[in-house]
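Dumped data-v6.txt below, it's compact mmCIF, C-alpha atoms and all ligand atoms:
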# COMPACT_ATOMS: atom_id res chain seq x y z
CA MET X 1218 66.92 121.54 93.64
CA GLU X 1219 68.30 121.20 97.10
CA GLN X 1220 71.43 119.09 97.43
CA LEU X 1221 71.50 116.03 99.63
CA LEU X 1222 74.22 115.10 102.11
CA SER X 1223 74.47 111.43 103.10
CA VAL X 1224 76.13 110.75 106.41
CA VAL X 1225 77.15 107.11 106.86
CA VAL X 1226 77.76 105.92 110.41
CA SER X 1227 79.03 102.42 111.19
CA VAL X 1228 77.72 100.99 114.41
CA TYR X 1229 79.03 98.01 116.33
CA ASN X 1230 77.89 97.68 119.93
CA GLU X 1231 77.47 101.41 120.40
CA GLU X 1232 74.33 101.54 122.56
CA GLN X 1233 76.00 103.99 124.93
CA ALA X 1234 77.42 106.30 122.29
CA LEU X 1235 74.47 106.34 119.86
CA PRO X 1236 72.07 108.62 121.79
CA LEU X 1237 74.90 111.10 122.38
CA PHE X 1238 75.91 110.93 118.74
CA TYR X 1239 72.37 111.61 117.55
CA GLN X 1240 71.85 114.45 120.02
CA THR X 1241 75.02 116.13 118.79
CA ALA X 1242 74.66 115.43 115.09
CA ARG X 1243 70.98 116.18 114.56
CA PRO X 1244 71.01 119.96 115.28
CA ILE X 1245 74.08 120.32 113.08
CA LEU X 1246 72.47 118.36 110.25
CA GLU X 1247 69.25 120.38 110.53
CA SER X 1248 71.16 123.65 110.31
CA LEU X 1249 73.00 122.75 107.10
CA SER X 1250 72.23 124.47 103.82
CA TRP X 1251 71.77 120.99 102.29
CA ASP X 1252 69.13 118.39 102.99
CA TYR X 1253 70.47 115.31 104.73
CA GLU X 1254 70.03 111.59 105.25
CA LEU X 1255 71.65 109.83 108.19
CA ILE X 1256 72.44 106.22 107.32
CA PHE X 1257 73.34 103.97 110.21
CA VAL X 1258 74.86 100.63 109.28
CA ASN X 1259 74.49 98.21 112.15
CA ASP X 1260 77.42 95.82 111.86
CA GLY X 1261 75.91 92.90 113.75
CA SER X 1262 75.79 94.57 117.15
CA ALA X 1263 75.05 92.20 120.01
CA ASP X 1264 73.77 94.93 122.34
CA GLY X 1265 70.75 97.25 122.16
CA SER X 1266 72.10 99.34 119.27
CA LEU X 1267 69.60 98.08 116.69
CA GLY X 1268 66.65 98.86 119.01
CA ILE X 1269 67.90 102.42 119.47
CA LEU X 1270 68.39 102.84 115.72
CA LYS X 1271 64.90 101.56 114.95
CA LYS X 1272 63.44 104.08 117.39
CA LEU X 1273 65.37 106.91 115.78
CA ALA X 1274 64.25 105.78 112.32
CA ALA X 1275 60.61 105.68 113.45
CA GLU X 1276 60.65 109.28 114.70
CA ASN X 1277 62.78 110.76 111.92
CA PRO X 1278 62.34 109.55 108.31
CA LYS X 1279 65.74 111.00 107.42
CA VAL X 1280 67.33 108.40 109.67
CA LYS X 1281 67.90 105.20 107.70
CA VAL X 1282 69.14 101.89 108.99
CA ALA X 1283 70.71 98.89 107.30
CA SER X 1284 71.38 96.05 109.67
CA PHE X 1285 73.84 93.25 108.85
CA SER X 1286 73.10 89.61 109.57
CA ARG X 1287 76.38 89.40 111.54
CA ASN X 1288 79.57 91.37 112.11
CA PHE X 1289 81.28 92.02 108.78
CA GLY X 1290 83.71 94.68 109.94
CA HIS X 1291 83.94 98.43 109.81
CA GLU X 1292 84.99 98.60 106.15
CA ALA X 1293 82.09 96.45 105.01
CA ALA X 1294 79.78 98.77 106.95
CA MET X 1295 81.18 101.82 105.19
CA ILE X 1296 80.85 100.12 101.81
CA ALA X 1297 77.22 99.25 102.53
CA GLY X 1298 76.62 102.86 103.54
CA LEU X 1299 78.14 104.08 100.28
CA ASP X 1300 75.96 101.61 98.38
CA TYR X 1301 72.76 102.91 99.95
CA ALA X 1302 73.66 106.59 99.99
CA LYS X 1303 71.71 108.74 97.55
CA GLY X 1304 73.50 111.99 98.34
CA ASP X 1305 75.42 114.43 96.20
CA ALA X 1306 78.12 114.08 98.81
CA ILE X 1307 78.73 111.24 101.23
CA VAL X 1308 80.52 111.44 104.55
CA CYS X 1309 81.64 108.33 106.47
CA MET X 1310 82.13 108.71 110.19
CA ASP X 1311 82.27 106.80 113.47
CA ALA X 1312 79.47 106.63 115.98
CA ASP X 1313 81.65 107.42 118.98
CA LEU X 1314 81.94 111.19 118.26
CA GLN X 1315 85.68 110.86 117.67
CA HIS X 1316 84.87 112.36 114.30
CA PRO X 1317 83.22 115.68 115.15
CA PRO X 1318 79.97 116.37 113.24
CA GLU X 1319 80.92 120.05 113.63
CA CYS X 1320 83.10 119.54 110.53
CA LEU X 1321 80.07 118.91 108.28
CA PRO X 1322 79.49 122.55 107.20
CA GLU X 1323 83.15 122.82 106.16
CA ILE X 1324 82.84 119.57 104.19
CA ILE X 1325 79.83 120.94 102.31
CA GLU X 1326 81.75 124.12 101.56
CA LYS X 1327 84.62 122.11 100.04
CA ILE X 1328 82.24 119.95 97.99
CA GLU X 1329 80.52 123.06 96.69
CA GLY X 1330 83.98 124.37 95.83
CA GLY X 1331 84.47 121.38 93.54
CA SER X 1332 86.29 118.87 95.74
CA GLY X 1333 85.78 115.20 94.89
CA VAL X 1334 87.58 113.59 97.80
CA ILE X 1335 88.07 115.13 101.21
CA SER X 1336 90.38 113.34 103.64
CA MET X 1337 89.90 114.36 107.19
CA VAL X 1338 93.30 114.53 108.83
CA ARG X 1339 93.53 114.34 112.58
CA THR X 1340 95.84 116.83 114.19
CA LYS X 1341 95.83 115.14 117.54
CA ASN X 1342 94.63 111.76 118.63
CA ALA X 1343 93.83 112.05 122.28
CA SER X 1344 92.66 108.55 123.05
CA ALA X 1345 95.09 106.49 121.00
CA GLY X 1346 97.95 105.53 123.29
CA LEU X 1347 101.63 105.90 122.56
CA VAL X 1348 101.87 102.33 121.26
CA LYS X 1349 99.04 102.85 118.77
CA ASN X 1350 100.57 106.12 117.55
CA ILE X 1351 104.02 104.60 117.06
CA THR X 1352 102.78 101.43 115.35
CA SER X 1353 100.51 103.48 113.12
CA ALA X 1354 103.41 105.75 112.09
CA ALA X 1355 105.61 102.71 111.40
CA PHE X 1356 102.86 101.09 109.35
CA TYR X 1357 102.41 104.13 107.11
CA LYS X 1358 106.18 104.43 106.64
CA LEU X 1359 106.34 100.79 105.56
CA ILE X 1360 103.36 100.84 103.20
CA ASN X 1361 104.54 104.08 101.59
CA THR X 1362 107.94 102.50 100.94
CA LEU X 1363 106.51 99.26 99.57
CA SER X 1364 103.71 100.60 97.42
CA ASP X 1365 103.63 103.09 94.53
CA VAL X 1366 100.38 104.34 95.95
CA LYS X 1367 100.91 107.07 98.54
CA PHE X 1368 98.98 107.07 101.80
CA GLU X 1369 98.22 110.04 104.00
CA PRO X 1370 99.67 109.04 107.43
CA ASN X 1371 97.01 110.66 109.56
CA ALA X 1372 94.02 110.04 107.37
CA SER X 1373 91.28 108.28 109.26
CA ASP X 1374 88.11 106.46 108.41
CA PHE X 1375 86.60 109.91 108.38
CA PHE X 1376 86.27 111.08 104.80
CA ALA X 1377 83.87 112.63 102.34
CA VAL X 1378 83.37 111.98 98.65
CA SER X 1379 81.32 113.65 95.96
CA ARG X 1380 78.77 111.59 94.08
CA PRO X 1381 81.02 110.92 91.05
CA ALA X 1382 83.82 109.73 93.32
CA ALA X 1383 81.39 107.58 95.28
CA ASP X 1384 80.16 106.02 92.02
CA VAL X 1385 83.71 104.91 91.27
CA LEU X 1386 84.05 103.36 94.73
CA ARG X 1387 80.66 101.68 94.42
CA SER X 1388 81.19 100.11 91.04
CA ASN X 1389 84.91 99.50 90.65
CA TYR X 1390 86.35 98.77 94.07
CA ARG X 1391 84.56 95.65 95.20
CA GLU X 1392 87.55 93.64 96.34
CA LYS X 1393 86.94 91.18 99.18
CA VAL X 1394 90.28 91.91 100.80
CA ARG X 1395 90.59 95.65 100.77
CA PHE X 1396 91.64 98.88 102.39
CA LEU X 1397 88.91 101.40 101.69
CA ARG X 1398 90.93 104.32 103.02
CA GLY X 1399 93.62 103.53 100.46
CA TYR X 1400 91.16 103.53 97.58
CA VAL X 1401 89.61 106.78 98.71
CA GLN X 1402 93.02 108.40 98.55
CA ASN X 1403 93.90 106.95 95.19
CA ILE X 1404 90.96 107.34 92.86
CA GLY X 1405 92.13 110.85 91.99
CA PHE X 1406 89.44 113.53 91.62
CA HIS X 1407 90.05 116.91 93.16
CA LYS X 1408 91.49 116.10 96.57
CA THR X 1409 91.54 118.26 99.65
CA THR X 1410 92.11 117.76 103.33
CA ILE X 1411 90.43 119.22 106.37
CA GLU X 1412 92.11 119.05 109.73
CA TYR X 1413 90.18 118.04 112.78
CA GLU X 1414 90.93 117.23 116.34
CA ALA X 1415 90.04 113.68 117.30
CA HIS X 1416 88.26 113.62 120.63
CA ASP X 1417 88.08 110.83 123.13
CA ARG X 1418 85.45 108.20 122.46
CA VAL X 1419 82.28 109.42 124.24
CA ALA X 1420 81.26 106.05 125.60
CA GLY X 1421 81.99 102.35 125.21
CA GLU X 1422 85.29 100.84 124.12
CA SER X 1423 87.38 100.70 120.98
CA LYS X 1424 86.41 97.72 118.83
CA TYR X 1425 89.82 97.40 117.23
CA SER X 1426 92.13 95.03 119.04
CA ILE X 1427 95.87 94.99 118.32
CA ARG X 1428 95.35 91.60 116.64
CA LYS X 1429 92.68 92.99 114.30
CA LEU X 1430 94.90 95.95 113.46
CA PHE X 1431 97.84 93.65 112.70
CA ALA X 1432 95.78 91.46 110.36
CA PHE X 1433 94.46 94.61 108.75
CA SER X 1434 97.99 95.96 108.19
CA VAL X 1435 99.21 92.72 106.61
CA ASN X 1436 96.24 92.64 104.25
CA THR X 1437 96.81 96.24 103.25
CA ILE X 1438 100.43 95.64 102.38
CA LEU X 1439 99.49 92.58 100.33
CA CYS X 1440 96.70 94.49 98.56
CA PHE X 1441 98.80 97.46 97.61
CA SER X 1442 102.21 96.00 96.96
CA ASN X 1443 103.62 93.14 94.88
CA LEU X 1444 107.08 93.69 96.28
CA PRO X 1445 106.90 90.81 98.81
CA LEU X 1446 106.36 88.47 95.86
CA LYS X 1447 109.61 89.62 94.33
CA LEU X 1448 111.54 88.90 97.51
CA GLY X 1449 112.15 85.42 96.09
CA ILE X 1450 114.30 86.84 93.32
CA TYR X 1451 116.39 88.89 95.74
CA ALA X 1452 116.72 85.95 98.10
CA GLY X 1453 117.84 83.81 95.17
CA ILE X 1454 120.51 86.29 94.12
CA PHE X 1455 121.66 86.55 97.72
CA ALA X 1456 121.85 82.77 98.10
CA ALA X 1457 123.79 82.44 94.82
CA LEU X 1458 126.35 85.01 95.93
CA MET X 1459 126.72 83.27 99.27
CA GLY X 1460 127.15 79.98 97.47
CA VAL X 1461 130.02 81.43 95.43
CA ALA X 1462 131.65 82.78 98.58
CA VAL X 1463 131.40 79.43 100.36
CA MET X 1464 132.71 77.66 97.27
CA VAL X 1465 135.75 79.93 97.03
CA TYR X 1466 136.33 79.51 100.75
CA THR X 1467 136.14 75.73 100.54
CA LEU X 1468 138.47 75.55 97.56
CA CYS X 1469 141.00 77.89 99.14
CA THR X 1470 141.12 76.21 102.54
CA ARG X 1471 140.96 72.72 101.04
CA GLN X 1472 138.90 71.39 103.95
CA GLY X 1473 139.04 67.66 104.42
CA ALA X 1474 135.79 65.70 104.31
CA PRO X 1475 134.96 65.63 108.06
CA SER X 1476 135.29 69.34 108.75
CA GLY X 1477 132.83 72.05 107.61
CA TYR X 1478 129.93 70.46 109.50
CA ALA X 1479 128.93 73.74 111.14
CA THR X 1480 128.91 75.52 107.79
CA ILE X 1481 126.55 72.95 106.35
CA VAL X 1482 124.14 73.08 109.27
CA ILE X 1483 124.06 76.87 109.39
CA LEU X 1484 123.61 77.23 105.64
CA ASN X 1485 120.89 74.61 105.63
CA CYS X 1486 118.91 76.27 108.41
CA PHE X 1487 119.36 79.67 106.87
CA MET X 1488 118.32 78.64 103.38
CA PHE X 1489 115.29 76.75 104.61
CA ALA X 1490 114.22 79.72 106.70
CA ILE X 1491 114.30 81.97 103.65
CA LEU X 1492 112.47 79.37 101.59
CA PHE X 1493 109.66 78.91 104.11
CA VAL X 1494 109.15 82.63 104.56
CA LEU X 1495 108.84 83.03 100.80
CA VAL X 1496 106.43 80.13 100.51
CA GLY X 1497 104.40 81.74 103.31
CA ILE X 1498 104.27 85.05 101.48
CA ILE X 1499 103.10 83.36 98.30
CA GLY X 1500 100.50 81.55 100.40
CA GLU X 1501 99.16 84.86 101.67
CA TYR X 1502 98.70 86.13 98.14
CA ILE X 1503 97.02 82.90 97.11
CA ALA X 1504 94.65 83.27 100.06
CA ILE X 1505 93.65 86.68 98.72
CA LEU X 1506 93.21 85.31 95.20
CA PHE X 1507 91.11 82.51 96.63
CA SER X 1508 88.78 84.82 98.51
CA GLU X 1509 88.34 86.99 95.40
CA LEU X 1510 87.60 83.88 93.39
CA LYS X 1511 84.96 82.63 95.81
CA ASP X 1512 83.30 86.01 95.38
CA ARG X 1513 81.34 85.86 98.61
CA PRO X 1514 79.34 88.94 99.52
CA ILE X 1515 81.12 91.80 101.31
CA TYR X 1516 78.11 92.13 103.60
CA ILE X 1517 74.62 90.69 104.06
CA VAL X 1518 71.77 92.98 105.04
CA GLU X 1519 69.12 91.38 107.21
CA GLU X 1520 66.87 94.32 108.06
CA LYS X 1521 66.28 97.79 106.68
CA GLU X 1522 64.45 100.86 107.96
CA ASN X 1523 63.49 103.80 105.72
CA LEU X 1524 65.61 102.30 102.94
CA ASN X 1525 64.54 100.56 99.78
N1 LIG M 1601 82.86 99.34 113.95
C1 LIG M 1601 82.10 98.54 113.10
N2 LIG M 1601 82.41 97.21 112.98
C2 LIG M 1601 83.46 96.65 113.65
C3 LIG M 1601 84.24 97.47 114.49
C4 LIG M 1601 83.93 98.81 114.61
O1 LIG M 1601 81.16 99.02 112.46
O2 LIG M 1601 83.68 95.44 113.53
C5 LIG M 1601 82.51 100.77 114.08
C6 LIG M 1601 82.38 101.28 115.51
O3 LIG M 1601 81.07 101.15 115.99
C7 LIG M 1601 82.76 102.74 115.37
C8 LIG M 1601 83.78 102.72 114.24
O4 LIG M 1601 83.58 101.51 113.53
O5 LIG M 1601 81.66 103.54 114.97
C9 LIG M 1601 85.20 102.83 114.71
O6 LIG M 1601 85.47 101.83 115.68
P1 LIG M 1601 86.26 102.17 117.00
O7 LIG M 1601 85.83 103.49 117.55
O8 LIG M 1601 86.12 101.00 117.89
O9 LIG M 1601 87.73 102.27 116.46
P2 LIG M 1601 88.87 103.31 116.91
O10 LIG M 1601 88.24 104.69 116.84
O11 LIG M 1601 89.22 102.93 118.29
O12 LIG M 1601 89.96 103.13 115.92
MG MG M 1602 86.59 105.29 117.72

Would you mind writing the file's structure down as structure tokens?
Ligand code: UDP
Ligand code: MG
Amino acid sequence: MEQLLSVVVSVYNEEQALPLFYQTARPILESLSWDYELIFVNDGSADGSLGILKKLAAENPKVKVASFSRNFGHEAAMIAGLDYAKGDAIVCMDADLQHPPECLPEIIEKIEGGSGVISMVRTKNASAGLVKNITSAAFYKLINTLSDVKFEPNASDFFAVSRPAADVLRSNYREKVRFLRGYVQNIGFHKTTIEYEAHDRVAGESKYSIRKLFAFSVNTILCFSNLPLKLGIYAGIFAALMGVAVMVYTLCTRQGAPSGYATIVILNCFMFAILFVLVGIIGEYIAILFSELKDRPIYIVEEKENLN
């Protein structure tokens, strides 16, 4: 029986890029040795994206559309795509052609060769500015230091998984606060990488603001590391040692009652600062626990085309 490749594309306000994406991807998909399904997940676009997708779905039954009731974020869109995908291999990619569909034949080759997880590693990121490149490098350095899980620095949201690997992601990684890329790299299976050159976005603008990226980074660190929670113990040891030092100093200098005011103020401020930061960190973890506990849906699908 012919194998099926599922291509999952997340779409958020991509009316300009979509026609170009389809024009480029379709001939490549048709020429593959595998059958294909092209699953677009519309992440609550406010522009004409859904109209375009519906038209594509009407003329090509292999084009499938799941449309969210609002914007749930790129990761939620990829998870929904994985949930709907029926393929023997599933590829997640962006709609802006930054992830070249030309890589698909190579992905199929690797899957046929027994790979379970294929991370697409970008060799060059043309459109990301210097700031984005530096902050991204710093982020990966930090998370790799803090967490036992190791992250590929240049891995993108462009990846492929075999059906068994996808089953694991579908059934066991349903966290509300999550970092899909991290899971993909850490479920094991036979892992390979393919290098690709990231192009400039064909049309439209990047949907990731610096603020979104920052929130995303904080969540990732909290999801993959418990080290911040243990900071309290280190801070406690540090404070105790400082206390001993101040005690010895006070005893040795035999300060009279009125002096030492500055020491008290400085120590007070310093200790409270540490305390508040630690309480804040614990708060962040509690927020994650709380959102897991509430167990709200990761996404809500409002409309579907060619999907059941
Ligand atoms: N995207 C999405 N939901 C969002 C933001 C982005 O589905 O809330 C999609 C977007 O349409 C694109 C992909 O995720 O297909 C990557 O987004 P973008 O190109 O803006 O990110 P960048 O490549 O700049 O990191
Ligand atoms: Mg992009």

Contacts of segment 1386-1402 of chain X within 9 Å, all atoms listed in the file, excl. fewer than 5 positions in-chain, as a PDB file with C-alpha atoms, in the coordinates of the input:
ATOM      1  CA  GLU X1292      84.990  98.600 106.150  1.00  0.00           C
ATOM      2  CA  MET X1295      81.180 101.820 105.190  1.00  0.00           C
ATOM      3  CA  ILE X1296      80.850 100.120 101.810  1.00  0.00           C
ATOM      4  CA  LEU X1299      78.140 104.080 100.280  1.00  0.00           C
ATOM      5  CA  ASP X1300      75.960 101.610  98.380  1.00  0.00           C
ATOM      6  CA  VAL X1334      87.580 113.590  97.800  1.00  0.00           C
ATOM      7  CA  ILE X1335      88.070 115.130 101.210  1.00  0.00           C
ATOM      8  CA  SER X1336      90.380 113.340 103.640  1.00  0.00           C
ATOM      9  CA  VAL X1366     100.380 104.340  95.950  1.00  0.00           C
ATOM     10  CA  LYS X1367     100.910 107.070  98.540  1.00  0.00           C
ATOM     11  CA  PHE X1368      98.980 107.070 101.800  1.00  0.00           C
ATOM     12  CA  GLU X1369      98.220 110.040 104.000  1.00  0.00           C
ATOM     13  CA  ALA X1372      94.020 110.040 107.370  1.00  0.00           C
ATOM     14  CA  SER X1373      91.280 108.280 109.260  1.00  0.00           C
ATOM     15  CA  ASP X1374      88.110 106.460 108.410  1.00  0.00           C
ATOM     16  CA  PHE X1375      86.600 109.910 108.380  1.00  0.00           C
ATOM     17  CA  PHE X1376      86.270 111.080 104.800  1.00  0.00           C
ATOM     18  CA  ALA X1377      83.870 112.630 102.340  1.00  0.00           C
ATOM     19  CA  VAL X1378      83.370 111.980  98.650  1.00  0.00           C
ATOM     20  CA  PRO X1381      81.020 110.920  91.050  1.00  0.00           C
ATOM     21  CA  LYS X1408      91.490 116.100  96.570  1.00  0.00           C
ATOM     22  CA  PHE X1433      94.460  94.610 108.750  1.00  0.00           C
ATOM     23  CA  ASN X1436      96.240  92.640 104.250  1.00  0.00           C
ATOM     24  CA  THR X1437      96.810  96.240 103.250  1.00  0.00           C
ATOM     25  CA  CYS X1440      96.700  94.490  98.560  1.00  0.00           C
ATOM     26  CA  PHE X1441      98.800  97.460  97.610  1.00  0.00           C
ATOM     27  CA  ILE X1505      93.650  86.680  98.720  1.00  0.00           C
ATOM     28  CA  SER X1508      88.780  84.820  98.510  1.00  0.00           C
ATOM     29  CA  GLU X1509      88.340  86.990  95.400  1.00  0.00           C
ATOM     30  CA  ASP X1512      83.300  86.010  95.380  1.00  0.00           C
ATOM     31  CA  ARG X1513      81.340  85.860  98.610  1.00  0.00           C
ATOM     32  CA  PRO X1514      79.340  88.940  99.520  1.00  0.00           C
ATOM     33  CA  ILE X1515      81.120  91.800 101.310  1.00  0.00           C
TER      34      ILE X1515
END

### Selection as a PyMOL selection string: residues within 7 Å of ligand LIG 1601 (chain M) by only C-alpha atoms and all ligand atoms
chain X and resi 1226-1231+1259-1260+1288-1291+1294+1311-1313+1315+1418+1422-1425

### Query
Which of these residues is nearest to Val1494 of chain X, using all atoms listed in the file: X:Arg1471, X:Gly1477, X:Phe1455, X:Leu1448?
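Using all atoms listed in the file, the shortest distance to Val1494 of chain X belongs to X:Leu1448.
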
Could you give me the axis-aligned bounding box of segment 1351-1355 of chain X, with 3 Å of padding per side, as centre plus edge lengths in Å to one decimal, as AutoDock Vina command-line options?
--center_x 103.1 --center_y 103.6 --center_z 114.2 --size_x 11.1 --size_y 10.3 --size_z 11.7

### Query
Neighbours of Leu1273 of chain X within 12 Å (all atoms listed in the file; same-chain residues fewer than 3 positions away dropped), as a list in words?
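The contact residues come out as Leu1235, Pro1236, Phe1238, Tyr1239, Gln1240, Arg1243, Leu1255, Ile1256, Phe1257, Ser1266, Leu1267, Gly1268, Ile1269, Leu1270, Glu1276, Asn1277, Pro1278, Lys1279, Val1280, Lys1281, Val1282, Glu1522 and Asn1523 of chain X.
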